[in-house]
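Worksheet: one structure, shown below.
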Amino acid sequence: STQEEVYGDINGMVSDVLDGFNATVFAYGQTGTGKTYTIIGDHGIDMGELHSGERDKLGILPRAVKDLFKGARERQDLEGSVVQIVCSYMEIYNERLYDLLQPYKRGMSKDPLDMNQRRALLDVREDARGQTFVPNLLCVKVKSYKSVYQLLSRGNGYRAVRHTEMNMNSSRSHAILQLVVEQWPNGGADGTVVRSKLNFVDLAGSERWNMAVDMGSDRVSELTAINGSLSALASVVAALTENRPHIPYRDSKLTHLLQDSLGGNCQTIVLATVSPSADAFEETCATLRFANRAKCIDNAPVVNASRDMASVLALKEREIKRLRAVLAKYVDGRG
């Protein structure tokens with residue numbers, strides 16, 4: 001399938017997000033099977049400076065982002081809605097959460113030899129309603145799809161990548177780009193705000209131990225962390241499909257962060273990528289089993305609309321000023 005055909009099968013999620021639903025797309029499969037290619041696009045494309053011949057190679061993320069801004073403009077023009085889009089980009093590497101848009105601790109030099117020590121660690125928290133969030137994560141208000149492309153290009157430069165036997169540029173981290181869409185229908189006339197999220201998750205690929213290759217300690221740590229988090233993801237999917245009383249979301253950073261997307265208030269799409277090689281038969285079967293199980297998860301997406309207290313207070317203040325002005329005219333008329 002071409003990139004355009006794959007996106008054509010799932011592009012309905014963009015209008016769903018604009019309608020107020022949360023949506024998540026993640027690519028799952030063995031390393032070297034094209035997850036990053038499917039989500040982002042051909043390796044070597046500079047998202048910050050796209051050329052005309054490269055647009056056909058774009059993955060579903062840049063295509064969806066462009067359609068999202070197009071749909072937002074249409075709602076602003078036709079319905080008078082106020083729309084704001086906020087972007088964040090993070091990765092989970094060796095079971096540690098990092099901000100790809102603000103990777104280094106403040107006041108620390110960007111020394112590549114001491115990168116891991118100088119990178120700012122983040123954590124996953126839950127609010128009073130049980131929804132996950134990441135404190136101190138840099139969230140950037142974006143005005144156009146090109147701004148998102150530039151942030152994506154910037155963040156990709158900090159992603160953990162390594163040459164492996166299966167892939168020249170293998171992603172060694174799970175990357176999550178999140179777009180939060182905030183809408184005030186009718187210009188916020190009644191104080192209603194609609195907040196929805198669109199997540200793109202590029203998972204690091206599963207990989208078997210290769211006893212014939214001498215792997216250093218860094219490679220061993222990466223492999224252990226990747227397989228461990230993917231195993232935790234599989235455990236969560238199994239628990240959800242079997243309706244177990246306890247879902248082990250907290251067993252890994254990945255599953256805790258994706259808690260809303262797995263069995264929660266979200267429309268979730270799984271893209272299973274497989275290799276045509278006979279040597280990858282076992283991994284291909286494992287990927288397809290995972291995808292088949294994930295398909296059976298019963299999510300419960302709802303429109304995320306609420307009354308924004310700040311907007312309600314602003315409306316009341318305007319009404320009070322209007323009534324004071326009317327009263328002042330009435331008093332002046334009697335005087």
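Ordering of the structure tokens sets the chain letters (A, B, ...); residue numbers start at 1 within each chain; ligands are numbered from 1 in the order shown.
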What are the closest atom pairs, with distances in Å to one decimal, for all residues of segment 9-42 of chain A lying within 12 Å of segment 82-105 of chain A? Consider only C-alpha atoms, order rows by chain and residue number, and present the result as a Markdown table.
```
| residue | atom | partner | partner_atom | distance |
| --- | --- | --- | --- | --- |
| A:Val17 | CA | A:Ile85 | CA | 11.5 |
| A:Leu18 | CA | A:Val83 | CA | 9.5 |
| A:Asp19 | CA | A:Val83 | CA | 11.9 |
| A:Gly20 | CA | A:Val83 | CA | 11.7 |
```
Checklist entry - Between A:Ala23, A:Val193, A:Leu121, A:Ala278, which has the minimum distance to Ala300 of chain A (counting only C-alpha atoms)? => result A:Ala23
Item to check | Test item, strand (DSSP E) assignment across segment 16-263 of chain A, answer as a PyMOL selection string | outcome: chain A and resi 23-29+82-93+96-99+121-122+125-126+132-133+140-142+161-162+170-171+174-184+192-202
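With atom CA of Leu223 of chain A on one side and atom CA of Val236 of chain A on the other, the separation reads 20.0 Å.
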Checklist entry - If you count only C-alpha atoms, which residues fall within 8 Å of segment 267-271 of chain A, apart from same-chain ones fewer than 5 positions away, as an MDAnalysis selection string? => result chainID A and resid 10 13 21:28 261:262 291 294:295 299:301
Could the residues in this selection be written to a file with all heavy atoms, as a short mmCIF file (atom, residue, chain, number, x, y, z; two decimals), in the first residue's frame?
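What landed in selection_25.cif:
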```
data_model
loop_
_atom_site.label_atom_id
_atom_site.label_comp_id
_atom_site.auth_asym_id
_atom_site.auth_seq_id
_atom_site.Cartn_x
_atom_site.Cartn_y
_atom_site.Cartn_z
N ILE A 10 -7.71 5.75 7.35
CA ILE A 10 -7.87 6.19 8.75
C ILE A 10 -8.09 7.69 8.89
O ILE A 10 -8.16 8.19 10.01
CB ILE A 10 -6.64 5.77 9.58
CG1 ILE A 10 -5.38 6.50 9.09
CG2 ILE A 10 -6.42 4.28 9.57
CD1 ILE A 10 -4.18 6.28 9.98
N MET A 13 -10.35 9.98 11.41
CA MET A 13 -10.04 10.36 12.81
C MET A 13 -9.88 11.87 12.94
O MET A 13 -10.13 12.43 14.02
CB MET A 13 -8.75 9.67 13.26
CG MET A 13 -7.54 10.13 12.51
SD MET A 13 -6.02 9.31 13.01
CE MET A 13 -4.86 10.02 11.82
N PHE A 21 -13.77 14.20 19.91
CA PHE A 21 -13.34 12.89 20.38
C PHE A 21 -11.81 12.83 20.47
O PHE A 21 -11.11 13.46 19.66
CB PHE A 21 -13.81 11.78 19.43
CG PHE A 21 -15.31 11.58 19.42
CD1 PHE A 21 -16.08 12.18 18.44
CD2 PHE A 21 -15.93 10.81 20.38
CE1 PHE A 21 -17.46 12.00 18.41
CE2 PHE A 21 -17.30 10.62 20.37
CZ PHE A 21 -18.07 11.22 19.38
N ASN A 22 -11.29 12.05 21.43
CA ASN A 22 -9.86 11.77 21.47
C ASN A 22 -9.53 10.65 20.48
O ASN A 22 -10.35 9.75 20.27
CB ASN A 22 -9.44 11.31 22.88
CG ASN A 22 -9.62 12.39 23.92
OD1 ASN A 22 -9.53 13.58 23.62
ND2 ASN A 22 -9.87 11.99 25.16
N ALA A 23 -8.33 10.69 19.92
CA ALA A 23 -7.91 9.65 18.97
C ALA A 23 -6.43 9.38 19.13
O ALA A 23 -5.64 10.29 19.41
CB ALA A 23 -8.22 10.07 17.53
N THR A 24 -6.05 8.12 18.98
CA THR A 24 -4.65 7.71 19.05
C THR A 24 -4.35 6.74 17.91
O THR A 24 -5.13 5.84 17.63
CB THR A 24 -4.35 7.01 20.40
OG1 THR A 24 -4.50 7.94 21.46
CG2 THR A 24 -2.93 6.46 20.43
N VAL A 25 -3.21 6.96 17.28
CA VAL A 25 -2.73 6.04 16.25
C VAL A 25 -1.35 5.57 16.67
O VAL A 25 -0.48 6.39 16.97
CB VAL A 25 -2.61 6.72 14.88
CG1 VAL A 25 -2.16 5.73 13.82
CG2 VAL A 25 -3.94 7.35 14.48
N PHE A 26 -1.15 4.24 16.75
CA PHE A 26 0.22 3.79 17.02
C PHE A 26 0.59 2.62 16.13
O PHE A 26 -0.25 1.81 15.73
CB PHE A 26 0.46 3.52 18.51
CG PHE A 26 -0.28 2.36 19.12
CD1 PHE A 26 0.23 1.08 19.07
CD2 PHE A 26 -1.45 2.58 19.80
CE1 PHE A 26 -0.44 0.03 19.67
CE2 PHE A 26 -2.12 1.54 20.41
CZ PHE A 26 -1.62 0.25 20.34
N ALA A 27 1.87 2.62 15.77
CA ALA A 27 2.42 1.58 14.89
C ALA A 27 3.15 0.56 15.74
O ALA A 27 3.98 0.91 16.58
CB ALA A 27 3.36 2.20 13.86
N TYR A 28 2.84 -0.72 15.52
CA TYR A 28 3.41 -1.81 16.31
C TYR A 28 3.99 -2.85 15.36
O TYR A 28 3.36 -3.24 14.38
CB TYR A 28 2.30 -2.43 17.18
CG TYR A 28 2.77 -3.57 18.06
CD1 TYR A 28 3.12 -3.34 19.39
CD2 TYR A 28 2.85 -4.87 17.57
CE1 TYR A 28 3.54 -4.38 20.21
CE2 TYR A 28 3.26 -5.92 18.38
CZ TYR A 28 3.61 -5.67 19.70
OH TYR A 28 4.03 -6.70 20.49
N SER A 261 -5.82 5.80 26.06
CA SER A 261 -5.97 5.25 24.70
C SER A 261 -6.28 3.76 24.69
O SER A 261 -6.68 3.22 23.67
CB SER A 261 -4.69 5.50 23.90
OG SER A 261 -4.37 6.87 23.88
N LEU A 262 -6.07 3.10 25.82
CA LEU A 262 -6.27 1.65 25.91
C LEU A 262 -7.42 1.36 26.86
O LEU A 262 -7.27 1.35 28.07
CB LEU A 262 -5.00 0.96 26.40
CG LEU A 262 -3.76 1.14 25.52
CD1 LEU A 262 -2.51 0.69 26.25
CD2 LEU A 262 -3.93 0.36 24.21
N ALA A 291 -2.23 -7.49 17.25
CA ALA A 291 -3.18 -6.63 16.56
C ALA A 291 -4.60 -7.20 16.65
O ALA A 291 -5.57 -6.45 16.83
CB ALA A 291 -2.77 -6.46 15.10
N ALA A 294 -5.79 -6.50 20.17
CA ALA A 294 -6.05 -5.07 20.36
C ALA A 294 -7.36 -4.65 19.70
O ALA A 294 -8.05 -3.75 20.18
CB ALA A 294 -4.89 -4.25 19.82
N LYS A 295 -7.69 -5.32 18.60
CA LYS A 295 -8.93 -5.00 17.88
C LYS A 295 -10.17 -5.27 18.73
O LYS A 295 -11.24 -4.69 18.51
CB LYS A 295 -8.98 -5.83 16.59
CG LYS A 295 -10.10 -5.48 15.64
CD LYS A 295 -9.94 -6.19 14.31
CE LYS A 295 -9.98 -7.70 14.49
NZ LYS A 295 -9.97 -8.41 13.18
N ASN A 299 -13.18 0.35 23.73
CA ASN A 299 -13.01 1.72 24.20
C ASN A 299 -14.36 2.42 24.32
O ASN A 299 -15.34 1.97 23.73
CB ASN A 299 -12.09 2.51 23.27
CG ASN A 299 -10.63 2.19 23.50
OD1 ASN A 299 -10.28 1.24 24.19
ND2 ASN A 299 -9.75 3.00 22.92
N ALA A 300 -14.40 3.51 25.05
CA ALA A 300 -15.65 4.24 25.25
C ALA A 300 -15.45 5.72 24.99
O ALA A 300 -15.46 6.55 25.91
CB ALA A 300 -16.17 4.01 26.67
N PRO A 301 -15.24 6.11 23.71
CA PRO A 301 -15.00 7.52 23.40
C PRO A 301 -16.26 8.37 23.54
O PRO A 301 -17.36 7.94 23.16
CB PRO A 301 -14.51 7.48 21.94
CG PRO A 301 -15.12 6.23 21.38
CD PRO A 301 -15.18 5.25 22.51
#
```
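Distance annotation: of A:Gly8, A:Gly32, A:Gly333, A:Gly41, the residue with the minimal separation from Leu152 of chain A is A:Gly41; atom set is only C-alpha atoms.
With only C-alpha atoms taken into account, the protein and nucleic acid residues at most 7 Å from Asn304 of chain A (excluding it and anything under 2 positions from it in its own chain) are Gly20, Phe21, Val194, Arg195, Ser196, Val302 and Ser306 of chain A.
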Item to check | Spatial neighbours of Leu61 of chain A, 12 Å, only C-alpha atoms, chain gap at least 5 places, as a ChimeraX atom specification | outcome: /A:3-4,6-7,10-11,13-14,24-27,35-41,47,66-68,145,148-149,152,176-179,198-202
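Distances to Arg125 of chain A were evaluated for A:Asp218, A:Glu283, A:Lys253, A:Arg307 using only C-alpha atoms, and the minimum falls at A:Lys253.
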Checklist entry - Contacts of segment 312-322 of chain A at 8 Å or less, counting only C-alpha atoms, minus same-chain residues fewer than 5 places along, as an MDAnalysis selection string? => result chainID A and resid 189:191 307
Next on the checklist: Please return, as an MDAnalysis selection string, all residues of segment 50-201 of chain A that DSSP assigns to alpha helix (DSSP H) on the basis of the backbone.
Outcome noted: chainID A and resid 60:79 115:118 145:156
Could those residues be written to a file, using C-alpha atoms, as a PDB file, in the first residue's frame?
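Here's the written file part.pdb:
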```pdb
ATOM      1  CA  ILE A  60       0.104   9.634   8.209  1.00  0.00           C
ATOM      2  CA  LEU A  61       1.190  12.139  10.877  1.00  0.00           C
ATOM      3  CA  PRO A  62       2.056  15.069   8.568  1.00  0.00           C
ATOM      4  CA  ARG A  63      -0.959  14.298   6.361  1.00  0.00           C
ATOM      5  CA  ALA A  64      -3.309  14.275   9.354  1.00  0.00           C
ATOM      6  CA  VAL A  65      -1.806  17.476  10.768  1.00  0.00           C
ATOM      7  CA  LYS A  66      -2.376  19.300   7.481  1.00  0.00           C
ATOM      8  CA  ASP A  67      -6.010  18.119   7.336  1.00  0.00           C
ATOM      9  CA  LEU A  68      -6.505  19.063  11.001  1.00  0.00           C
ATOM     10  CA  PHE A  69      -5.563  22.687  10.390  1.00  0.00           C
ATOM     11  CA  LYS A  70      -7.657  22.757   7.229  1.00  0.00           C
ATOM     12  CA  GLY A  71     -10.676  21.508   9.174  1.00  0.00           C
ATOM     13  CA  ALA A  72     -10.023  23.962  12.007  1.00  0.00           C
ATOM     14  CA  ARG A  73      -9.984  26.901   9.563  1.00  0.00           C
ATOM     15  CA  GLU A  74     -13.263  25.736   8.023  1.00  0.00           C
ATOM     16  CA  ARG A  75     -14.925  25.613  11.442  1.00  0.00           C
ATOM     17  CA  GLN A  76     -13.644  29.069  12.253  1.00  0.00           C
ATOM     18  CA  ASP A  77     -14.958  30.483   8.972  1.00  0.00           C
ATOM     19  CA  LEU A  78     -18.304  28.659   8.783  1.00  0.00           C
ATOM     20  CA  GLU A  79     -19.291  28.239  12.437  1.00  0.00           C
ATOM     21  CA  MET A 115      23.836  13.774  27.054  1.00  0.00           C
ATOM     22  CA  ASN A 116      21.951  11.267  29.217  1.00  0.00           C
ATOM     23  CA  GLN A 117      23.085  12.911  32.459  1.00  0.00           C
ATOM     24  CA  ARG A 118      22.100  16.366  31.212  1.00  0.00           C
ATOM     25  CA  TYR A 145       0.750  22.657   9.985  1.00  0.00           C
ATOM     26  CA  LYS A 146       4.171  23.961   8.964  1.00  0.00           C
ATOM     27  CA  SER A 147       4.843  24.924  12.591  1.00  0.00           C
ATOM     28  CA  VAL A 148       4.137  21.320  13.623  1.00  0.00           C
ATOM     29  CA  TYR A 149       6.454  20.054  10.864  1.00  0.00           C
ATOM     30  CA  GLN A 150       9.239  22.260  12.225  1.00  0.00           C
ATOM     31  CA  LEU A 151       8.696  21.012  15.788  1.00  0.00           C
ATOM     32  CA  LEU A 152       8.651  17.424  14.535  1.00  0.00           C
ATOM     33  CA  SER A 153      11.923  17.966  12.677  1.00  0.00           C
ATOM     34  CA  ARG A 154      13.471  19.562  15.744  1.00  0.00           C
ATOM     35  CA  GLY A 155      12.356  16.752  18.047  1.00  0.00           C
ATOM     36  CA  ASN A 156      13.462  13.995  15.682  1.00  0.00           C
TER      37      ASN A 156
END
```
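Atom to atom, atom CA of Asp279 of chain A and atom CA of Gly228 of chain A stand 22.4 Å apart.
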Checklist outcome for this item: Judged by only C-alpha atoms, the minimum distance to Val237 of chain A among A:Thr224, A:Asn292, A:Gln183, A:Asn265 is found for A:Asn292
